[in-house]
Amino acid sequence: MKRIIPALLLAAGAALAISHLAGAQTITEPTKQPGLAGYDQPNQYLAARTVKLADNMEPAIAHGDQQQEAVRKLEALQKKTGKRPNVVIFLLDDVGYSDFGFNGGGEAVGNATPDIDRIANQSLILSSAYSQPSCSPTRATIMTGQNMAHHGIQIPPMYGQPGGLEGLTTLPQLLSRAGYTTQAVGKWHMGENAGSQPQNVGFDDFRGFLSVSDMYTEWRDPQYNPEIALSPQRYRYILNLPFNKSDVHAVKGGQIESLYEINTDTIKDLDTKWLDYTVGFLDRQKNATKPFFLYYAPRACHFDNYPNEYYSGRSAARTNYGDCIVQVNDMFKKLIDTLQANGELDNTIVFFASDNGPEQEVQPAARSMFRGGKGSTWEGAVRSPFFVYWKGMIEPGRSDGLFDFADMFNTSVALSGTPGAGVSKLVPATTYLDGIDQTSFLLADKGVSNRRSVFYFWNDELSAVRVDEFKLMKKFQLPDAVTQKGYNGGFSGMLGNAWTALVFNLYTDPKEEESIAIRHIPVSVPLVMEFARYQQVLKKYPPKTQASLK
């Protein structure tokens, strides 16, 4: 009997009259409606219609008034500076929602982050900013404006596995064509094959490593992998696998140059060296006539963390993870201070984020107030610590408006001169853009999100959808289903399928412990409809697989 419930909900949805007033004023605060109980709230679109900008783009919520405000701000700034704004993406690795003071962590969890918190409090903090479930899928989403079902990098390629960005339209390519200097520093992990390397997908220059932190150290460290580190035969086997094991440098169109091998000793100062390289790049951009795009992705704080002599024990928690977070605070402060000293801070938008939630299988690890961790589609895996800083342009505050990491693609392209639907013409017609231009959300003094929904994926399969505070799940991870001992997380256990659907109210139940689907069918109807809408998108623009567990 219960199997028919989704069909009934769809039928009810087809008959549901969704009220929408064309050109209605944007709701930016609790608003009473004459003759009706309660209040309409900002960033709530369960009963709102979206606007389809192009066939190969996600529909958006139209806010004409805040769009005009954003345009006025940008025109005034360009008149002052004579160029487009700089774009900086500062992307951490496996750092949790609750690790920083601005989200309730910091000193409370033994790793003070005073400078990050200070800058966050001058920024727009987004409490519902969504990554993909793990690192490589998220990074590719930022680079392509597509979710992991569409760009096809659904797991991190490890130890020479294939899969990467080759053949996809990328953010640095588009910004380079728009006249930007493009620089990448730090972790890449979006394919080691030549066509997927950063210097061949749009970056003018790259300094960093091509894969992920543990691939350079875990097999060398007898504390973690004695079965490899203390076996000469096995050690040589890993050593000879076809993946680059060095800190590298490359320039656009050139070959990878290996600088030195990364091991358990040299990794201690890796982020310090990358920070110095970043500062050098920023210093060279001082008074430049071209704007720049900086993609800065520190090693921090993916396991295994090896703090150097200065940072070892520097956190009150005295864990290698806590020490790493303290170093992150200093790195981000140096980034902002350099922009300020070079006179570029007023013309630079800075996105601060982590690529996913805590890696729960390896302790000590990140923290999140939400359920689940990296590799899953529970909130703890995909809800990122996130803020956007732009001195004099973004009004400080906090918003729960939905923001997908794919939105950084569309928003950055918009700031480079191609807003809204224009980006659809910069990619092949067969490419579906899951991002939305959120420029007006970020720049309007009381901006609200232009995004109605966020989707969650397991490999190439649609797993869940969120609209407003409600989340509908069809597929989910059960980390303790097989093993009850040890540390289990998003890469552990089994995949579950809901008999009908699970629906959670993330405001009253952020841990996702109580499904309300049957008692709250009126809110479940639009969720089912939105889930079904995107299933049709996937039929027209089918998923692809480059790196996957399937």
# chains A, B, ... in the order shown; residues from 1 in each chain; ligands from 1
call {"tool": "residues_around", "arguments": {"residues": "Thr431 (chain A)", "least_positions_apart": "4", "cutoff": "8 Å", "atoms": "only C-alpha atoms", "output": "ChimeraX atom specification"}}
result
/A:56,427,541
call {"tool": "write_last_selection", "arguments": {"atoms": "C-alpha atoms", "output": "mmCIF file, in the first residue's frame"}}
result
data_model
loop_
_atom_site.group_PDB
_atom_site.id
_atom_site.type_symbol
_atom_site.label_atom_id
_atom_site.label_comp_id
_atom_site.auth_asym_id
_atom_site.auth_seq_id
_atom_site.Cartn_x
_atom_site.Cartn_y
_atom_site.Cartn_z
ATOM 1 C CA ASN A 56 20.560 23.741 -20.144
ATOM 2 C CA VAL A 427 29.302 25.911 -22.758
ATOM 3 C CA TYR A 541 21.004 15.521 -19.840
#
call {"tool": "closest_atom_pairs", "arguments": {"of": "region 360-396 of chain A", "to": "region 465-482 of chain A", "cutoff": "9 Å", "atoms": "only C-alpha atoms", "output": "Markdown table"}}
result
| residue | atom | partner | partner_atom | distance |
| --- | --- | --- | --- | --- |
| A:Gly372 | CA | A:Pro479 | CA | 8.5 |
| A:Gly375 | CA | A:Gln477 | CA | 8.6 |
| A:Ser376 | CA | A:Gln477 | CA | 5.8 |
| A:Thr377 | CA | A:Phe476 | CA | 6.3 |
| A:Trp378 | CA | A:Phe476 | CA | 7.2 |
call {"tool": "closest_atom_pairs", "arguments": {"of": "region 242-298 of chain A", "to": "region 321-343 of chain A", "cutoff": "7 Å", "atoms": "only C-alpha atoms", "output": "Markdown table"}}
result
| residue | atom | partner | partner_atom | distance |
| --- | --- | --- | --- | --- |
| A:Leu275 | CA | A:Met331 | CA | 6.8 |
| A:Val279 | CA | A:Thr338 | CA | 6.7 |
| A:Asp283 | CA | A:Asn342 | CA | 6.8 |
| A:Lys286 | CA | A:Asn342 | CA | 5.4 |
call {"tool": "write_last_selection", "arguments": {"atoms": "N, CA and C atoms", "output": "CSV table (one decimal), in the first residue's frame"}}
result
chain,number,residue,atom,x,y,z
A,275,LEU,N,51.6,28.9,0.8
A,275,LEU,CA,51.2,30.2,1.2
A,275,LEU,C,52.2,31.3,0.7
A,279,VAL,N,51.3,34.4,-1.8
A,279,VAL,CA,51.6,35.8,-1.5
A,279,VAL,C,52.4,36.4,-2.6
A,283,ASP,N,51.4,39.6,-4.8
A,283,ASP,CA,52.3,40.7,-4.9
A,283,ASP,C,52.5,41.1,-6.3
A,286,LYS,N,49.7,43.4,-7.9
A,286,LYS,CA,49.5,44.7,-7.4
A,286,LYS,C,49.6,45.7,-8.6
call {"tool": "closest_residue", "arguments": {"among": "A:Gly392, A:Pro133, A:Gly152, A:Gly164", "to": "Pro542 (chain A)", "atoms": "only C-alpha atoms"}}
result
A:Gly152
call {"tool": "residues_around", "arguments": {"residues": "Met408 (chain A)", "least_positions_apart": "6", "cutoff": "10 Å", "atoms": "only C-alpha atoms", "output": "PDB file with N, CA and C atoms, in the first residue's frame"}}
result
ATOM      1  N   VAL A  87      38.570  37.382  -8.196  1.00  0.00           N
ATOM      2  CA  VAL A  87      37.842  36.284  -7.572  1.00  0.00           C
ATOM      3  C   VAL A  87      38.841  35.379  -6.862  1.00  0.00           C
ATOM      4  N   ILE A  89      38.933  31.887  -4.426  1.00  0.00           N
ATOM      5  CA  ILE A  89      38.270  30.752  -3.771  1.00  0.00           C
ATOM      6  C   ILE A  89      39.286  30.104  -2.846  1.00  0.00           C
ATOM      7  N   THR A 141      32.896  20.272  -9.258  1.00  0.00           N
ATOM      8  CA  THR A 141      31.664  21.068  -9.302  1.00  0.00           C
ATOM      9  C   THR A 141      31.989  22.559  -9.355  1.00  0.00           C
ATOM     10  N   ILE A 142      32.951  23.006  -8.556  1.00  0.00           N
ATOM     11  CA  ILE A 142      33.360  24.410  -8.599  1.00  0.00           C
ATOM     12  C   ILE A 142      33.917  24.760  -9.977  1.00  0.00           C
ATOM     13  N   MET A 143      34.696  23.861 -10.532  1.00  0.00           N
ATOM     14  CA  MET A 143      35.362  24.129 -11.806  1.00  0.00           C
ATOM     15  C   MET A 143      34.411  24.103 -12.996  1.00  0.00           C
ATOM     16  N   THR A 144      33.301  23.350 -12.910  1.00  0.00           N
ATOM     17  CA  THR A 144      32.420  23.146 -14.070  1.00  0.00           C
ATOM     18  C   THR A 144      31.020  23.705 -13.916  1.00  0.00           C
ATOM     19  N   GLY A 145      30.580  24.027 -12.690  1.00  0.00           N
ATOM     20  CA  GLY A 145      29.196  24.438 -12.475  1.00  0.00           C
ATOM     21  C   GLY A 145      28.223  23.290 -12.585  1.00  0.00           C
ATOM     22  N   LEU A 171      35.869  26.812 -15.226  1.00  0.00           N
ATOM     23  CA  LEU A 171      35.845  28.199 -14.767  1.00  0.00           C
ATOM     24  C   LEU A 171      37.116  28.960 -15.152  1.00  0.00           C
ATOM     25  N   PHE A 351      35.611  33.696  -1.470  1.00  0.00           N
ATOM     26  CA  PHE A 351      34.778  32.589  -1.018  1.00  0.00           C
ATOM     27  C   PHE A 351      35.596  31.713  -0.068  1.00  0.00           C
ATOM     28  N   ALA A 414      29.524  35.549 -13.941  1.00  0.00           N
ATOM     29  CA  ALA A 414      28.716  36.768 -13.978  1.00  0.00           C
ATOM     30  C   ALA A 414      29.564  37.995 -13.629  1.00  0.00           C
ATOM     31  N   GLY A 435      24.669  25.169 -11.619  1.00  0.00           N
ATOM     32  CA  GLY A 435      24.864  26.372 -10.829  1.00  0.00           C
ATOM     33  C   GLY A 435      23.861  27.464 -11.163  1.00  0.00           C
ATOM     34  N   ILE A 436      23.755  28.427 -10.258  1.00  0.00           N
ATOM     35  CA  ILE A 436      22.873  29.585 -10.410  1.00  0.00           C
ATOM     36  C   ILE A 436      23.681  30.846 -10.087  1.00  0.00           C
ATOM     37  N   ASP A 437      23.465  31.885 -10.831  1.00  0.00           N
ATOM     38  CA  ASP A 437      24.119  33.173 -10.576  1.00  0.00           C
ATOM     39  C   ASP A 437      23.547  33.770  -9.287  1.00  0.00           C
ATOM     40  N   GLN A 438      24.379  33.828  -8.259  1.00  0.00           N
ATOM     41  CA  GLN A 438      23.944  34.331  -6.949  1.00  0.00           C
ATOM     42  C   GLN A 438      24.505  35.720  -6.652  1.00  0.00           C
ATOM     43  N   THR A 439      24.899  36.442  -7.678  1.00  0.00           N
ATOM     44  CA  THR A 439      25.481  37.768  -7.464  1.00  0.00           C
ATOM     45  C   THR A 439      24.563  38.676  -6.665  1.00  0.00           C
TER      46      THR A 439
END
call {"tool": "closest_residue", "arguments": {"among": "A:Ser312, A:Gln360, A:Thr272, A:Thr319", "to": "Gly373 (chain A)", "atoms": "only C-alpha atoms"}}
result
A:Gln360
call {"tool": "atom_distance", "arguments": {"atom1": "CA of Tyr130 (chain A)", "atom2": "CA of Val362 (chain A)"}}
result
22.4 Å
call {"tool": "residues_around", "arguments": {"residues": "Thr28 (chain A)", "least_positions_apart": "4", "cutoff": "8 Å", "atoms": "only C-alpha atoms", "output": "list of chain:residue names"}}
result
A:Gln41, A:Pro42, A:Asn43, A:Lys446, A:Gly447, A:Val448
call {"tool": "select_by_dssp", "arguments": {"residues": "region 299-478 of chain A", "states": "strand (DSSP E)", "output": "PDB file with C-alpha atoms, in the first residue's frame"}}
result
ATOM      1  CA  THR A 348      38.159  41.142  -4.526  1.00  0.00           C
ATOM      2  CA  ILE A 349      35.379  38.712  -3.678  1.00  0.00           C
ATOM      3  CA  VAL A 350      36.608  35.911  -1.396  1.00  0.00           C
ATOM      4  CA  PHE A 351      34.778  32.589  -1.018  1.00  0.00           C
ATOM      5  CA  PHE A 352      35.747  30.651   2.146  1.00  0.00           C
ATOM      6  CA  ALA A 353      34.734  26.968   2.166  1.00  0.00           C
ATOM      7  CA  SER A 354      35.561  23.345   2.855  1.00  0.00           C
ATOM      8  CA  PHE A 387      31.208  32.725   4.034  1.00  0.00           C
ATOM      9  CA  VAL A 388      31.703  35.318   1.307  1.00  0.00           C
ATOM     10  CA  TYR A 389      33.802  38.399   2.024  1.00  0.00           C
ATOM     11  CA  GLY A 397      25.292  39.133   8.181  1.00  0.00           C
ATOM     12  CA  ARG A 398      24.108  35.536   8.221  1.00  0.00           C
ATOM     13  CA  SER A 399      21.673  33.843   5.862  1.00  0.00           C
ATOM     14  CA  PHE A 403      23.724  28.027  -1.992  1.00  0.00           C
ATOM     15  CA  ASP A 404      25.270  25.196  -4.017  1.00  0.00           C
ATOM     16  CA  SER A 453      16.381  23.668  -4.237  1.00  0.00           C
ATOM     17  CA  VAL A 454      19.544  21.684  -3.645  1.00  0.00           C
ATOM     18  CA  PHE A 455      20.064  18.102  -4.838  1.00  0.00           C
ATOM     19  CA  TYR A 456      22.150  15.338  -3.292  1.00  0.00           C
ATOM     20  CA  PHE A 457      23.793  12.447  -5.152  1.00  0.00           C
ATOM     21  CA  TRP A 458      25.223   9.006  -4.574  1.00  0.00           C
ATOM     22  CA  GLU A 461      22.035   8.625  -8.733  1.00  0.00           C
ATOM     23  CA  LEU A 462      19.735  11.287  -7.342  1.00  0.00           C
ATOM     24  CA  SER A 463      19.581  10.687  -3.599  1.00  0.00           C
ATOM     25  CA  ALA A 464      17.709  13.590  -2.010  1.00  0.00           C
ATOM     26  CA  VAL A 465      16.392  17.117  -2.459  1.00  0.00           C
ATOM     27  CA  ARG A 466      16.031  20.102  -0.132  1.00  0.00           C
ATOM     28  CA  VAL A 467      13.518  22.939  -0.511  1.00  0.00           C
ATOM     29  CA  PHE A 470      12.590  20.359   4.291  1.00  0.00           C
ATOM     30  CA  LYS A 471      14.662  17.516   2.882  1.00  0.00           C
ATOM     31  CA  LEU A 472      13.336  14.443   1.085  1.00  0.00           C
ATOM     32  CA  MET A 473      15.636  11.394   0.927  1.00  0.00           C
ATOM     33  CA  LYS A 474      15.337   8.287  -1.210  1.00  0.00           C
ATOM     34  CA  LYS A 475      18.878   6.904  -0.795  1.00  0.00           C
ATOM     35  CA  PHE A 476      21.063   7.185   2.289  1.00  0.00           C
ATOM     36  CA  GLN A 477      24.162   5.753   3.942  1.00  0.00           C
ATOM     37  CA  LEU A 478      24.071   3.429   6.967  1.00  0.00           C
TER      38      LEU A 478
END
call {"tool": "atom_distance", "arguments": {"atom1": "CA of Thr483 (chain A)", "atom2": "CA of Asp355 (chain A)"}}
result
26.6 Å
call {"tool": "select_by_dssp", "arguments": {"residues": "region 251-335 of chain A", "states": "helix (DSSP H, G or I)", "output": "PyMOL selection string"}}
result
chain A and resi 266-284+320-335
call {"tool": "write_last_selection", "arguments": {"atoms": "N, CA and C atoms", "output": "tab-separated table (two decimals), in the first residue's frame"}}
result
chain	number	residue	atom	x	y	z
A	266	THR	N	58.78	16.32	4.58
A	266	THR	CA	58.61	17.52	3.77
A	266	THR	C	57.17	18.04	3.76
A	267	ILE	N	56.22	17.17	4.09
A	267	ILE	CA	54.82	17.61	4.09
A	267	ILE	C	54.53	18.60	5.23
A	268	LYS	N	55.38	18.60	6.23
A	268	LYS	CA	55.15	19.47	7.39
A	268	LYS	C	55.14	20.95	7.02
A	269	ASP	N	55.92	21.32	6.03
A	269	ASP	CA	56.03	22.72	5.64
A	269	ASP	C	55.37	23.01	4.30
A	270	LEU	N	54.58	22.06	3.80
A	270	LEU	CA	53.99	22.22	2.48
A	270	LEU	C	53.06	23.42	2.42
A	271	ASP	N	52.14	23.53	3.38
A	271	ASP	CA	51.20	24.65	3.35
A	271	ASP	C	51.90	25.99	3.54
A	272	THR	N	53.00	26.00	4.28
A	272	THR	CA	53.77	27.24	4.43
A	272	THR	C	54.38	27.66	3.09
A	273	LYS	N	54.91	26.69	2.36
A	273	LYS	CA	55.49	26.99	1.05
A	273	LYS	C	54.43	27.44	0.07
A	274	TRP	N	53.27	26.79	0.10
A	274	TRP	CA	52.18	27.19	-0.80
A	274	TRP	C	51.65	28.57	-0.46
A	275	LEU	N	51.61	28.90	0.84
A	275	LEU	CA	51.19	30.24	1.24
A	275	LEU	C	52.18	31.28	0.71
A	276	ASP	N	53.46	31.00	0.82
A	276	ASP	CA	54.47	31.93	0.31
A	276	ASP	C	54.30	32.11	-1.21
A	277	TYR	N	54.01	31.04	-1.91
A	277	TYR	CA	53.82	31.13	-3.36
A	277	TYR	C	52.59	31.97	-3.69
A	278	THR	N	51.53	31.79	-2.89
A	278	THR	CA	50.31	32.57	-3.08
A	278	THR	C	50.56	34.05	-2.85
A	279	VAL	N	51.26	34.36	-1.78
A	279	VAL	CA	51.59	35.76	-1.49
A	279	VAL	C	52.42	36.36	-2.63
A	280	GLY	N	53.36	35.58	-3.16
A	280	GLY	CA	54.16	36.06	-4.28
A	280	GLY	C	53.29	36.36	-5.50
A	281	PHE	N	52.33	35.49	-5.77
A	281	PHE	CA	51.41	35.75	-6.89
A	281	PHE	C	50.64	37.04	-6.65
A	282	LEU	N	50.07	37.21	-5.45
A	282	LEU	CA	49.29	38.40	-5.16
A	282	LEU	C	50.13	39.67	-5.25
A	283	ASP	N	51.38	39.58	-4.80
A	283	ASP	CA	52.26	40.75	-4.89
A	283	ASP	C	52.50	41.14	-6.35
A	284	ARG	N	52.58	40.15	-7.22
A	284	ARG	CA	52.80	40.44	-8.64
A	284	ARG	C	51.56	41.06	-9.30
A	320	ASN	N	46.80	16.79	16.19
A	320	ASN	CA	47.35	17.27	14.93
A	320	ASN	C	46.28	17.94	14.08
A	321	TYR	N	45.01	17.55	14.26
A	321	TYR	CA	43.94	18.23	13.53
A	321	TYR	C	43.73	19.64	14.08
A	322	GLY	N	43.65	19.77	15.41
A	322	GLY	CA	43.49	21.10	16.01
A	322	GLY	C	44.63	22.03	15.66
A	323	ASP	N	45.86	21.49	15.66
A	323	ASP	CA	47.02	22.31	15.28
A	323	ASP	C	46.88	22.79	13.84
A	324	CYS	N	46.36	21.94	12.98
A	324	CYS	CA	46.18	22.31	11.58
A	324	CYS	C	45.17	23.45	11.43
A	325	ILE	N	44.08	23.39	12.18
A	325	ILE	CA	43.07	24.46	12.11
A	325	ILE	C	43.67	25.79	12.56
A	326	VAL	N	44.51	25.76	13.58
A	326	VAL	CA	45.18	26.98	14.02
A	326	VAL	C	46.05	27.54	12.90
A	327	GLN	N	46.74	26.67	12.18
A	327	GLN	CA	47.54	27.12	11.05
A	327	GLN	C	46.65	27.71	9.95
A	328	VAL	N	45.49	27.10	9.71
A	328	VAL	CA	44.56	27.64	8.72
A	328	VAL	C	44.19	29.07	9.06
A	329	ASN	N	43.96	29.34	10.34
A	329	ASN	CA	43.63	30.70	10.77
A	329	ASN	C	44.72	31.68	10.33
A	330	ASP	N	45.98	31.29	10.55
A	330	ASP	CA	47.09	32.18	10.22
A	330	ASP	C	47.23	32.35	8.71
A	331	MET	N	46.99	31.27	7.97
A	331	MET	CA	47.10	31.32	6.51
A	331	MET	C	46.05	32.27	5.91
A	332	PHE	N	44.83	32.14	6.39
A	332	PHE	CA	43.77	32.99	5.84
A	332	PHE	C	44.00	34.45	6.21
A	333	LYS	N	44.48	34.69	7.42
A	333	LYS	CA	44.81	36.06	7.82
A	333	LYS	C	45.87	36.65	6.89
A	334	LYS	N	46.88	35.87	6.56
A	334	LYS	CA	47.94	36.36	5.67
A	334	LYS	C	47.39	36.66	4.29
A	335	LEU	N	46.48	35.84	3.81
A	335	LEU	CA	45.86	36.08	2.51
A	335	LEU	C	45.14	37.42	2.49
